[in-house]
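Participant: Here you go, data_21.cif (mmCIF, N, CA and C atoms):
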data_run
#
loop_
_atom_site.label_atom_id
_atom_site.label_comp_id
_atom_site.auth_asym_id
_atom_site.auth_seq_id
_atom_site.Cartn_x
_atom_site.Cartn_y
_atom_site.Cartn_z
N MET A 1 80.63 109.01 71.96
CA MET A 1 79.81 108.23 72.84
C MET A 1 80.08 106.76 72.56
N ALA A 2 80.40 106.00 73.59
CA ALA A 2 80.67 104.58 73.43
C ALA A 2 79.37 103.81 73.57
N THR A 3 78.87 103.30 72.46
CA THR A 3 77.64 102.53 72.51
C THR A 3 77.97 101.06 72.72
N VAL A 4 77.52 100.55 73.81
CA VAL A 4 77.81 99.19 74.22
C VAL A 4 76.76 98.25 73.62
N LYS A 5 77.21 97.15 73.03
CA LYS A 5 76.28 96.10 72.62
C LYS A 5 76.02 95.26 73.87
N VAL A 6 74.79 95.31 74.35
CA VAL A 6 74.44 94.72 75.64
C VAL A 6 74.07 93.24 75.47
N PHE A 7 74.55 92.41 76.40
CA PHE A 7 74.24 90.98 76.40
C PHE A 7 72.81 90.75 76.90
N ASP A 8 72.15 89.74 76.34
CA ASP A 8 70.78 89.41 76.75
C ASP A 8 70.69 89.18 78.26
N GLN A 9 71.67 88.47 78.82
CA GLN A 9 71.62 88.12 80.23
C GLN A 9 71.67 89.35 81.14
N PHE A 10 72.25 90.44 80.67
CA PHE A 10 72.32 91.66 81.49
C PHE A 10 70.92 92.10 81.91
N TRP A 11 69.97 92.08 80.97
CA TRP A 11 68.61 92.54 81.30
C TRP A 11 67.97 91.62 82.34
N ALA A 12 68.14 90.31 82.19
CA ALA A 12 67.59 89.37 83.17
C ALA A 12 68.25 89.57 84.53
N ASP A 13 69.58 89.77 84.53
CA ASP A 13 70.30 90.01 85.79
C ASP A 13 69.86 91.31 86.44
N LEU A 14 69.64 92.33 85.63
CA LEU A 14 69.21 93.63 86.16
C LEU A 14 67.86 93.50 86.85
N ILE A 15 66.92 92.84 86.20
CA ILE A 15 65.58 92.65 86.76
C ILE A 15 65.64 91.78 88.02
N ALA A 16 66.52 90.78 88.03
CA ALA A 16 66.63 89.86 89.17
C ALA A 16 67.41 90.47 90.34
N GLY A 17 67.97 91.65 90.17
CA GLY A 17 68.70 92.30 91.25
C GLY A 17 70.14 91.86 91.39
N VAL A 18 70.67 91.13 90.40
CA VAL A 18 72.05 90.66 90.46
C VAL A 18 73.02 91.84 90.57
N HIS A 19 72.75 92.91 89.86
CA HIS A 19 73.66 94.06 89.85
C HIS A 19 73.52 94.95 91.08
N GLY A 20 72.50 94.71 91.89
CA GLY A 20 72.31 95.47 93.12
C GLY A 20 72.29 96.97 92.87
N ALA A 21 72.92 97.71 93.77
CA ALA A 21 72.99 99.17 93.64
C ALA A 21 74.10 99.50 92.65
N MET A 22 73.72 99.78 91.43
CA MET A 22 74.71 99.95 90.36
C MET A 22 75.64 101.13 90.59
N ASN A 23 75.23 102.11 91.37
CA ASN A 23 76.10 103.26 91.63
C ASN A 23 77.21 102.95 92.63
N SER A 24 77.12 101.83 93.32
CA SER A 24 78.17 101.50 94.28
C SER A 24 78.96 100.26 93.86
N ALA A 25 78.76 99.81 92.64
CA ALA A 25 79.46 98.62 92.15
C ALA A 25 80.82 98.99 91.57
N THR A 26 81.68 97.98 91.45
CA THR A 26 82.96 98.14 90.76
C THR A 26 82.84 97.44 89.41
N TYR A 27 83.20 98.16 88.37
CA TYR A 27 83.12 97.62 87.02
C TYR A 27 84.53 97.41 86.49
N LYS A 28 84.67 96.46 85.59
CA LYS A 28 85.96 96.20 84.98
C LYS A 28 85.80 96.06 83.47
N VAL A 29 86.90 96.30 82.79
CA VAL A 29 86.96 96.14 81.34
C VAL A 29 88.00 95.07 81.04
N MET A 30 87.62 94.11 80.21
CA MET A 30 88.50 93.01 79.82
C MET A 30 88.69 93.08 78.31
N LEU A 31 89.92 92.97 77.86
CA LEU A 31 90.23 92.95 76.43
C LEU A 31 90.29 91.51 75.95
N SER A 32 89.72 91.26 74.78
CA SER A 32 89.68 89.90 74.25
C SER A 32 89.60 89.93 72.73
N ASN A 33 89.97 88.82 72.13
CA ASN A 33 89.80 88.65 70.69
C ASN A 33 88.68 87.67 70.42
N GLU A 34 87.96 87.26 71.47
CA GLU A 34 86.88 86.30 71.34
C GLU A 34 85.60 87.00 70.89
N THR A 35 85.02 86.52 69.82
CA THR A 35 83.79 87.10 69.29
C THR A 35 82.66 86.93 70.29
N PRO A 36 81.96 88.02 70.62
CA PRO A 36 80.88 87.93 71.59
C PRO A 36 79.68 87.16 71.05
N ASP A 37 78.97 86.50 71.95
CA ASP A 37 77.72 85.82 71.63
C ASP A 37 76.66 86.45 72.52
N LYS A 38 75.83 87.29 71.92
CA LYS A 38 74.84 88.09 72.64
C LYS A 38 73.93 87.23 73.52
N ALA A 39 73.56 86.07 73.03
CA ALA A 39 72.63 85.22 73.76
C ALA A 39 73.31 84.28 74.76
N ALA A 40 74.53 83.83 74.45
CA ALA A 40 75.17 82.81 75.28
C ALA A 40 76.11 83.36 76.35
N ASN A 41 76.78 84.47 76.09
CA ASN A 41 77.73 85.01 77.07
C ASN A 41 76.99 85.67 78.22
N ALA A 42 77.34 85.28 79.45
CA ALA A 42 76.64 85.81 80.62
C ALA A 42 77.58 86.36 81.68
N VAL A 43 78.76 85.75 81.84
CA VAL A 43 79.71 86.17 82.86
C VAL A 43 81.10 86.29 82.25
N ALA A 44 81.99 87.00 82.93
CA ALA A 44 83.34 87.22 82.41
C ALA A 44 84.08 85.92 82.15
N ALA A 45 83.80 84.88 82.92
CA ALA A 45 84.47 83.59 82.73
C ALA A 45 84.11 82.95 81.39
N ASP A 46 83.06 83.43 80.73
CA ASP A 46 82.70 82.92 79.40
C ASP A 46 83.63 83.43 78.31
N ILE A 47 84.46 84.43 78.63
CA ILE A 47 85.32 85.10 77.66
C ILE A 47 86.78 84.80 77.98
N THR A 48 87.59 84.59 76.94
CA THR A 48 89.02 84.38 77.13
C THR A 48 89.73 85.73 76.95
N PRO A 49 90.39 86.24 78.01
CA PRO A 49 91.08 87.53 77.88
C PRO A 49 92.38 87.39 77.11
N ILE A 50 92.90 88.53 76.66
CA ILE A 50 94.19 88.52 75.99
C ILE A 50 95.29 88.23 77.00
N THR A 51 96.50 88.00 76.47
CA THR A 51 97.66 87.74 77.33
C THR A 51 98.77 88.71 76.97
N GLY A 52 99.79 88.73 77.78
CA GLY A 52 100.98 89.53 77.52
C GLY A 52 100.92 90.89 78.17
N GLY A 53 102.07 91.51 78.28
CA GLY A 53 102.18 92.88 78.76
C GLY A 53 101.69 93.13 80.16
N SER A 54 101.81 92.15 81.05
CA SER A 54 101.32 92.28 82.42
C SER A 54 99.86 92.71 82.43
N TYR A 55 99.09 92.13 81.54
CA TYR A 55 97.68 92.50 81.38
C TYR A 55 96.86 92.12 82.60
N ALA A 56 96.02 93.03 83.04
CA ALA A 56 95.01 92.76 84.07
C ALA A 56 93.78 93.58 83.69
N ASP A 57 92.60 93.03 83.97
CA ASP A 57 91.38 93.76 83.64
C ASP A 57 91.41 95.13 84.32
N GLY A 58 91.03 96.15 83.58
CA GLY A 58 91.05 97.51 84.09
C GLY A 58 89.82 97.84 84.89
N SER A 59 90.00 98.32 86.12
CA SER A 59 88.89 98.70 86.97
C SER A 59 88.47 100.13 86.70
N VAL A 60 87.19 100.37 86.82
CA VAL A 60 86.66 101.71 86.69
C VAL A 60 85.41 101.80 87.56
N THR A 61 85.26 102.91 88.25
CA THR A 61 84.06 103.14 89.04
C THR A 61 83.11 103.97 88.20
N LEU A 62 81.91 103.46 88.02
CA LEU A 62 80.93 104.11 87.15
C LEU A 62 79.65 104.40 87.92
N ASP A 63 79.02 105.51 87.58
CA ASP A 63 77.70 105.83 88.12
C ASP A 63 76.66 105.55 87.06
N TRP A 64 75.53 105.02 87.48
CA TRP A 64 74.41 104.73 86.60
C TRP A 64 73.56 105.98 86.51
N ALA A 65 73.22 106.42 85.31
CA ALA A 65 72.44 107.64 85.15
C ALA A 65 71.45 107.51 84.01
N GLU A 66 70.39 108.29 84.09
CA GLU A 66 69.40 108.38 83.01
C GLU A 66 69.22 109.84 82.66
N THR A 67 69.26 110.14 81.37
CA THR A 67 69.02 111.50 80.92
C THR A 67 67.53 111.67 80.64
N PRO A 68 67.06 112.91 80.55
CA PRO A 68 65.63 113.14 80.30
C PRO A 68 65.11 112.49 79.01
N ASN A 69 65.99 112.26 78.04
CA ASN A 69 65.53 111.64 76.79
C ASN A 69 65.51 110.12 76.86
N GLY A 70 65.80 109.54 78.04
CA GLY A 70 65.72 108.10 78.20
C GLY A 70 66.97 107.35 77.81
N THR A 71 68.13 108.00 77.85
CA THR A 71 69.39 107.33 77.59
C THR A 71 69.99 106.91 78.92
N PHE A 72 70.24 105.62 79.07
CA PHE A 72 70.82 105.09 80.30
C PHE A 72 72.31 104.89 80.07
N THR A 73 73.13 105.45 80.94
CA THR A 73 74.58 105.36 80.79
C THR A 73 75.24 104.91 82.08
N LEU A 74 76.42 104.37 81.92
CA LEU A 74 77.30 104.07 83.05
C LEU A 74 78.50 104.98 82.90
N GLY A 75 78.75 105.81 83.90
CA GLY A 75 79.93 106.66 83.90
C GLY A 75 79.76 107.95 83.15
N ASP A 76 80.90 108.57 82.86
CA ASP A 76 80.94 109.83 82.14
C ASP A 76 82.25 109.89 81.37
N ALA A 77 82.63 111.08 80.93
CA ALA A 77 83.85 111.23 80.12
C ALA A 77 85.11 110.79 80.86
N SER A 78 85.07 110.77 82.18
CA SER A 78 86.25 110.37 82.94
C SER A 78 86.31 108.85 83.15
N SER A 79 85.41 108.12 82.51
CA SER A 79 85.31 106.67 82.71
C SER A 79 86.15 105.86 81.74
N ASP A 80 87.13 106.49 81.11
CA ASP A 80 88.04 105.78 80.22
C ASP A 80 88.92 104.82 81.03
N VAL A 81 89.35 103.75 80.40
CA VAL A 81 90.26 102.80 81.03
C VAL A 81 91.47 102.66 80.12
N THR A 82 92.67 102.89 80.67
CA THR A 82 93.90 102.79 79.88
C THR A 82 94.69 101.56 80.30
N PHE A 83 95.12 100.80 79.31
CA PHE A 83 95.93 99.61 79.52
C PHE A 83 97.32 99.88 78.95
N THR A 84 98.37 99.53 79.70
CA THR A 84 99.74 99.73 79.25
C THR A 84 100.45 98.38 79.22
N ALA A 85 101.08 98.08 78.10
CA ALA A 85 101.83 96.83 77.97
C ALA A 85 103.19 97.01 78.64
N SER A 86 103.51 96.11 79.55
CA SER A 86 104.77 96.19 80.27
C SER A 86 105.43 94.82 80.28
N GLY A 87 106.63 94.74 79.72
CA GLY A 87 107.37 93.48 79.70
C GLY A 87 107.22 92.73 78.40
N SER A 88 106.10 92.91 77.72
CA SER A 88 105.89 92.31 76.38
C SER A 88 104.66 92.98 75.77
N ALA A 89 104.48 92.75 74.49
CA ALA A 89 103.32 93.31 73.80
C ALA A 89 102.06 92.54 74.20
N PHE A 90 100.91 93.18 74.09
CA PHE A 90 99.64 92.47 74.25
C PHE A 90 99.42 91.61 73.02
N THR A 91 98.77 90.47 73.21
CA THR A 91 98.31 89.74 72.04
C THR A 91 97.17 90.55 71.42
N GLU A 92 96.91 90.31 70.17
CA GLU A 92 95.90 91.08 69.46
C GLU A 92 94.52 90.92 70.12
N PHE A 93 93.78 92.03 70.17
CA PHE A 93 92.40 91.99 70.66
C PHE A 93 91.53 92.84 69.75
N ARG A 94 90.24 92.59 69.79
CA ARG A 94 89.28 93.37 69.01
C ARG A 94 88.16 93.92 69.87
N TYR A 95 87.91 93.29 71.02
CA TYR A 95 86.74 93.63 71.83
C TYR A 95 87.13 94.08 73.24
N ALA A 96 86.35 95.00 73.79
CA ALA A 96 86.48 95.42 75.18
C ALA A 96 85.16 95.06 75.86
N TYR A 97 85.23 94.12 76.79
CA TYR A 97 84.06 93.64 77.51
C TYR A 97 83.91 94.39 78.83
N LEU A 98 82.72 94.87 79.11
CA LEU A 98 82.41 95.56 80.36
C LEU A 98 81.63 94.62 81.26
N TYR A 99 82.10 94.45 82.52
CA TYR A 99 81.37 93.59 83.45
C TYR A 99 81.37 94.19 84.84
N ASN A 100 80.44 93.71 85.66
CA ASN A 100 80.28 94.16 87.03
C ASN A 100 81.07 93.21 87.92
N ASP A 101 82.08 93.73 88.61
CA ASP A 101 82.96 92.91 89.43
C ASP A 101 82.44 92.71 90.85
N THR A 102 81.33 93.34 91.20
CA THR A 102 80.83 93.30 92.58
C THR A 102 80.02 92.05 92.93
N PRO A 103 79.06 91.61 92.11
CA PRO A 103 78.26 90.44 92.49
C PRO A 103 79.10 89.17 92.63
N THR A 104 78.65 88.29 93.52
CA THR A 104 79.34 87.01 93.71
C THR A 104 78.53 85.83 93.18
N SER A 105 77.24 86.04 92.94
CA SER A 105 76.40 84.96 92.42
C SER A 105 75.36 85.52 91.46
N PRO A 106 75.62 85.41 90.18
CA PRO A 106 76.83 84.89 89.56
C PRO A 106 77.98 85.89 89.67
N ALA A 107 79.19 85.38 89.65
CA ALA A 107 80.36 86.24 89.73
C ALA A 107 80.61 86.92 88.39
N ASP A 108 80.93 88.19 88.44
CA ASP A 108 81.35 88.98 87.28
C ASP A 108 80.38 88.93 86.10
N PRO A 109 79.10 89.30 86.31
CA PRO A 109 78.16 89.28 85.19
C PRO A 109 78.54 90.31 84.12
N LEU A 110 78.45 89.87 82.87
CA LEU A 110 78.75 90.75 81.74
C LEU A 110 77.64 91.77 81.56
N ILE A 111 78.03 92.95 81.10
CA ILE A 111 77.07 93.98 80.74
C ILE A 111 77.03 94.11 79.22
N GLY A 112 78.17 94.40 78.62
CA GLY A 112 78.19 94.58 77.18
C GLY A 112 79.60 94.59 76.63
N VAL A 113 79.71 94.90 75.35
CA VAL A 113 80.99 94.83 74.66
C VAL A 113 81.10 95.95 73.64
N LEU A 114 82.31 96.45 73.47
CA LEU A 114 82.64 97.39 72.39
C LEU A 114 83.43 96.62 71.34
N ASP A 115 83.10 96.83 70.08
CA ASP A 115 83.78 96.15 68.98
C ASP A 115 84.61 97.19 68.23
N TYR A 116 85.92 96.97 68.15
CA TYR A 116 86.80 97.92 67.46
C TYR A 116 86.89 97.64 65.96
N GLY A 117 86.19 96.62 65.47
CA GLY A 117 86.10 96.39 64.04
C GLY A 117 87.24 95.59 63.44
N SER A 118 88.40 95.64 64.06
CA SER A 118 89.55 94.85 63.60
C SER A 118 90.51 94.71 64.78
N GLY A 119 91.49 93.84 64.61
CA GLY A 119 92.42 93.56 65.69
C GLY A 119 93.30 94.75 66.04
N VAL A 120 93.59 94.88 67.34
CA VAL A 120 94.47 95.93 67.86
C VAL A 120 95.60 95.25 68.60
N THR A 121 96.83 95.67 68.34
CA THR A 121 97.99 95.14 69.07
C THR A 121 98.67 96.31 69.77
N VAL A 122 99.03 96.11 71.02
CA VAL A 122 99.72 97.14 71.80
C VAL A 122 101.15 96.66 72.02
N PRO A 123 102.14 97.40 71.50
CA PRO A 123 103.53 96.98 71.68
C PRO A 123 104.00 97.18 73.12
N ASP A 124 105.07 96.48 73.48
CA ASP A 124 105.65 96.65 74.82
C ASP A 124 105.93 98.14 75.05
N GLY A 125 105.45 98.65 76.18
CA GLY A 125 105.62 100.05 76.53
C GLY A 125 104.54 100.95 75.97
N GLY A 126 103.72 100.44 75.07
CA GLY A 126 102.62 101.22 74.50
C GLY A 126 101.38 101.13 75.36
N SER A 127 100.38 101.93 75.03
CA SER A 127 99.14 101.89 75.80
C SER A 127 97.94 102.00 74.86
N PHE A 128 96.79 101.60 75.38
CA PHE A 128 95.54 101.66 74.65
C PHE A 128 94.46 102.11 75.62
N THR A 129 93.66 103.08 75.20
CA THR A 129 92.59 103.59 76.04
C THR A 129 91.24 103.18 75.49
N VAL A 130 90.45 102.53 76.34
CA VAL A 130 89.06 102.23 76.01
C VAL A 130 88.29 103.49 76.37
N ASN A 131 87.83 104.20 75.34
CA ASN A 131 87.22 105.51 75.51
C ASN A 131 85.72 105.37 75.74
N ALA A 132 85.27 105.82 76.88
CA ALA A 132 83.86 105.76 77.22
C ALA A 132 83.03 106.82 76.49
N GLY A 133 83.68 107.82 75.93
CA GLY A 133 82.94 108.88 75.24
C GLY A 133 82.53 110.00 76.19
N ALA A 134 82.03 111.07 75.63
CA ALA A 134 81.70 112.27 76.42
C ALA A 134 80.61 112.02 77.46
N THR A 135 79.71 111.08 77.18
CA THR A 135 78.61 110.84 78.12
C THR A 135 78.73 109.52 78.85
N GLY A 136 79.79 108.77 78.65
CA GLY A 136 79.96 107.50 79.33
C GLY A 136 79.59 106.33 78.43
N TRP A 137 79.43 105.18 79.05
CA TRP A 137 79.08 103.95 78.34
C TRP A 137 77.58 103.92 78.16
N VAL A 138 77.09 104.15 76.95
CA VAL A 138 75.65 104.14 76.69
C VAL A 138 75.19 102.70 76.63
N VAL A 139 74.29 102.34 77.55
CA VAL A 139 73.80 100.98 77.66
C VAL A 139 72.46 100.82 76.94
N PHE A 140 71.63 101.84 76.97
CA PHE A 140 70.31 101.72 76.39
C PHE A 140 69.72 103.09 76.12
N THR A 141 69.08 103.25 74.99
CA THR A 141 68.33 104.46 74.69
C THR A 141 66.91 104.06 74.37
N THR A 142 65.96 104.61 75.12
CA THR A 142 64.57 104.25 74.89
C THR A 142 64.09 104.81 73.56
N PRO A 143 63.23 104.10 72.87
CA PRO A 143 62.69 104.63 71.62
C PRO A 143 61.83 105.85 71.89
N SER A 144 61.81 106.76 70.96
CA SER A 144 61.00 107.96 71.15
C SER A 144 59.54 107.70 70.81
N TRP A 145 58.68 108.45 71.46
CA TRP A 145 57.24 108.37 71.16
C TRP A 145 56.97 109.21 69.94
N THR A 146 56.22 108.69 69.00
CA THR A 146 55.88 109.47 67.82
C THR A 146 54.38 109.52 67.65
#
Mind converting the file's structure to structure tokens?
Facilitator:
Amino acid sequence: MATVKVFDQFWADLIAGVHGAMNSATYKVMLSNETPDKAANAVAADITPITGGSYADGSVTLDWAETPNGTFTLGDASSDVTFTASGSAFTEFRYAYLYNDTPTSPADPLIGVLDYGSGVTVPDGGSFTVNAGATGWVVFTTPSWT
């Protein structure tokens, strides 16, 4: 299960309706070596993507779902995004940023980030898959009542 560290602005955007109908939005994944700032990062333009290997942010269509235990997810096991380096290696990256590509104001609001713990380099001709996990991108799990 890919547990996403969610940006503060995502919750404000969600409440304000910026994300609209989340089941009909287009989401993208951006690779970067820039350390996320939970409070300050709000849109994809706040992040510097990696370069090399004909890199382009990977698109993925995700459905928003809630399980009976209060886990909110985007997508499912088929929501992986694979990047292939072509023409040159990717520059090193550590983070995979998830953002909503559909809204125009603000454009490309960030949702969250996956941290791989250390730098990853993809050689020319190699590929890297951002694995969403068996249940998709877990955005939030409600605390249990005790």
Participant: Of the residues A:Ala45, A:Leu110, A:Phe83, A:Ala21, which is the one nearest to A:Asp8, using all atoms listed in the file?
Facilitator: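 For A:Asp8, the nearest of the candidates is A:Leu110.
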Participant: Point out the residue among A:Val4, A:Ala44, A:Thr51, A:Val81 with the least atom-to-atom distance to A:Pro109, counting only C-alpha atoms.
Facilitator: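 Using only C-alpha atoms, the shortest distance to A:Pro109 belongs to A:Ala44.
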Participant: For the contact check between stretch 3-93 of chain A and stretch 112-115 of chain A, emit one row per residue of stretch 3-93 of chain A within 6.5 Å, containing the shortest atom pair and the distance in Å rounded to one decimal, counting all atoms listed in the file, chain then rising number order, as JSON lines.
Facilitator:
{"residue": "A:Thr3", "atom": "C", "partner": "A:Leu114", "partner_atom": "CA", "distance": 5.9}
{"residue": "A:Val4", "atom": "CA", "partner": "A:Val113", "partner_atom": "C", "distance": 4.7}
{"residue": "A:Lys5", "atom": "C", "partner": "A:Val113", "partner_atom": "N", "distance": 4.0}
{"residue": "A:Val6", "atom": "CA", "partner": "A:Gly112", "partner_atom": "CA", "distance": 4.1}
{"residue": "A:Phe7", "atom": "N", "partner": "A:Gly112", "partner_atom": "CA", "distance": 4.3}
Participant: Would you translate the PyMOL selection byres (((chain A and resi 105 and name CA) around 12) and name CA) into the concrete set of residues it matches in this file, as a PDB file with N, CA and C atoms, in the frame of the given file?
Facilitator:
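And here's out_9.pdb as it stands now:
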ATOM      1  N   ASP A  13      69.580  89.770  84.530  1.00  0.00           N
ATOM      2  CA  ASP A  13      70.300  90.010  85.790  1.00  0.00           C
ATOM      3  C   ASP A  13      69.860  91.310  86.440  1.00  0.00           C
ATOM      4  N   ALA A  16      66.520  90.780  88.030  1.00  0.00           N
ATOM      5  CA  ALA A  16      66.630  89.860  89.170  1.00  0.00           C
ATOM      6  C   ALA A  16      67.410  90.470  90.340  1.00  0.00           C
ATOM      7  N   GLY A  17      67.970  91.650  90.170  1.00  0.00           N
ATOM      8  CA  GLY A  17      68.700  92.300  91.250  1.00  0.00           C
ATOM      9  C   GLY A  17      70.140  91.860  91.390  1.00  0.00           C
ATOM     10  N   VAL A  18      70.670  91.130  90.400  1.00  0.00           N
ATOM     11  CA  VAL A  18      72.050  90.660  90.460  1.00  0.00           C
ATOM     12  C   VAL A  18      73.020  91.840  90.570  1.00  0.00           C
ATOM     13  N   HIS A  19      72.750  92.910  89.860  1.00  0.00           N
ATOM     14  CA  HIS A  19      73.660  94.060  89.850  1.00  0.00           C
ATOM     15  C   HIS A  19      73.520  94.950  91.080  1.00  0.00           C
ATOM     16  N   GLY A  20      72.500  94.710  91.890  1.00  0.00           N
ATOM     17  CA  GLY A  20      72.310  95.470  93.120  1.00  0.00           C
ATOM     18  C   GLY A  20      72.290  96.970  92.870  1.00  0.00           C
ATOM     19  N   ALA A  42      77.340  85.280  79.450  1.00  0.00           N
ATOM     20  CA  ALA A  42      76.640  85.810  80.620  1.00  0.00           C
ATOM     21  C   ALA A  42      77.580  86.360  81.680  1.00  0.00           C
ATOM     22  N   VAL A  43      78.760  85.750  81.840  1.00  0.00           N
ATOM     23  CA  VAL A  43      79.710  86.170  82.860  1.00  0.00           C
ATOM     24  C   VAL A  43      81.100  86.290  82.250  1.00  0.00           C
ATOM     25  N   ASN A 100      80.440  93.710  85.660  1.00  0.00           N
ATOM     26  CA  ASN A 100      80.280  94.160  87.030  1.00  0.00           C
ATOM     27  C   ASN A 100      81.070  93.210  87.920  1.00  0.00           C
ATOM     28  N   ASP A 101      82.080  93.730  88.610  1.00  0.00           N
ATOM     29  CA  ASP A 101      82.960  92.910  89.430  1.00  0.00           C
ATOM     30  C   ASP A 101      82.440  92.710  90.850  1.00  0.00           C
ATOM     31  N   THR A 102      81.330  93.340  91.200  1.00  0.00           N
ATOM     32  CA  THR A 102      80.830  93.300  92.580  1.00  0.00           C
ATOM     33  C   THR A 102      80.020  92.050  92.930  1.00  0.00           C
ATOM     34  N   PRO A 103      79.060  91.610  92.110  1.00  0.00           N
ATOM     35  CA  PRO A 103      78.260  90.440  92.490  1.00  0.00           C
ATOM     36  C   PRO A 103      79.100  89.170  92.630  1.00  0.00           C
ATOM     37  N   THR A 104      78.650  88.290  93.520  1.00  0.00           N
ATOM     38  CA  THR A 104      79.340  87.010  93.710  1.00  0.00           C
ATOM     39  C   THR A 104      78.530  85.830  93.180  1.00  0.00           C
ATOM     40  N   PRO A 106      75.620  85.410  90.180  1.00  0.00           N
ATOM     41  CA  PRO A 106      76.830  84.890  89.560  1.00  0.00           C
ATOM     42  C   PRO A 106      77.980  85.890  89.670  1.00  0.00           C
ATOM     43  N   ALA A 107      79.190  85.380  89.650  1.00  0.00           N
ATOM     44  CA  ALA A 107      80.360  86.240  89.730  1.00  0.00           C
ATOM     45  C   ALA A 107      80.610  86.920  88.390  1.00  0.00           C
ATOM     46  N   ASP A 108      80.930  88.190  88.440  1.00  0.00           N
ATOM     47  CA  ASP A 108      81.350  88.980  87.280  1.00  0.00           C
ATOM     48  C   ASP A 108      80.380  88.930  86.100  1.00  0.00           C
ATOM     49  N   PRO A 109      79.100  89.300  86.310  1.00  0.00           N
ATOM     50  CA  PRO A 109      78.160  89.280  85.190  1.00  0.00           C
ATOM     51  C   PRO A 109      78.540  90.310  84.120  1.00  0.00           C
TER      52      PRO A 109
END
Participant: Which residues match the PyMOL selection byres (((chain A and resi 123 and name CA) around 9) and name CA) in the file above, as number ranges by chain?
Facilitator: A: 53, 84-86, 88-91, 121-122, 124-127
Participant: Near A:Tyr95, within 8 Å and counting all atoms listed in the file, which residues show up once chain neighbours fewer than 5 positions away are dropped, as a list of chain:residue names?
Facilitator: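 Surrounding residues, per the criterion: A:Val29, A:Met30, A:Leu31, A:Ser32, A:Asn33, A:Glu34, A:Thr35, A:Pro36, A:Val113, A:Leu114, A:Asp115, A:Tyr116, A:Gly117, A:Ser118, A:Gly119, A:Val120.
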Participant: What separation in Å, quoted to one decimal, exists between atom C of A:Gly87 and atom N of A:Gly52?
Facilitator: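 Value for the atom C of A:Gly87-atom N of A:Gly52 distance: 8.5 Å.
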Participant: Of the residues A:Tyr99, A:Ala65, A:Ile111, A:Asp80, which is the one nearest to A:Asn131, using only N, CA and C atoms?
Facilitator: A:Asp80
Participant: Could you state the separation of atom N of A:Val130 and atom C of A:Thr82 in Å, given to one decimal place?
Facilitator: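 One can read the atom N of A:Val130 to atom C of A:Thr82 distance as 5.9 Å.
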Participant: Counting all atoms listed in the file, which residue out of A:Ala40, A:Leu98, A:Trp11, A:Trp64 sits closest to A:Lys28?
Facilitator: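 The shortest atom-to-atom distance to A:Lys28 comes from A:Leu98.
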Participant: What's the separation between atom N of A:Phe128 and atom N of A:Pro49, in Å to one decimal place?
Facilitator: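 For atom N of A:Phe128 relative to atom N of A:Pro49, the distance reads 16.8 Å.
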Participant: Find, counting only C-alpha atoms, the residue in A:Thr48, A:Gln9, A:Thr73, A:Ser54 that gets nearest to A:Asn23.
Facilitator: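 That would be A:Thr73, the residue with the smallest distance to A:Asn23.
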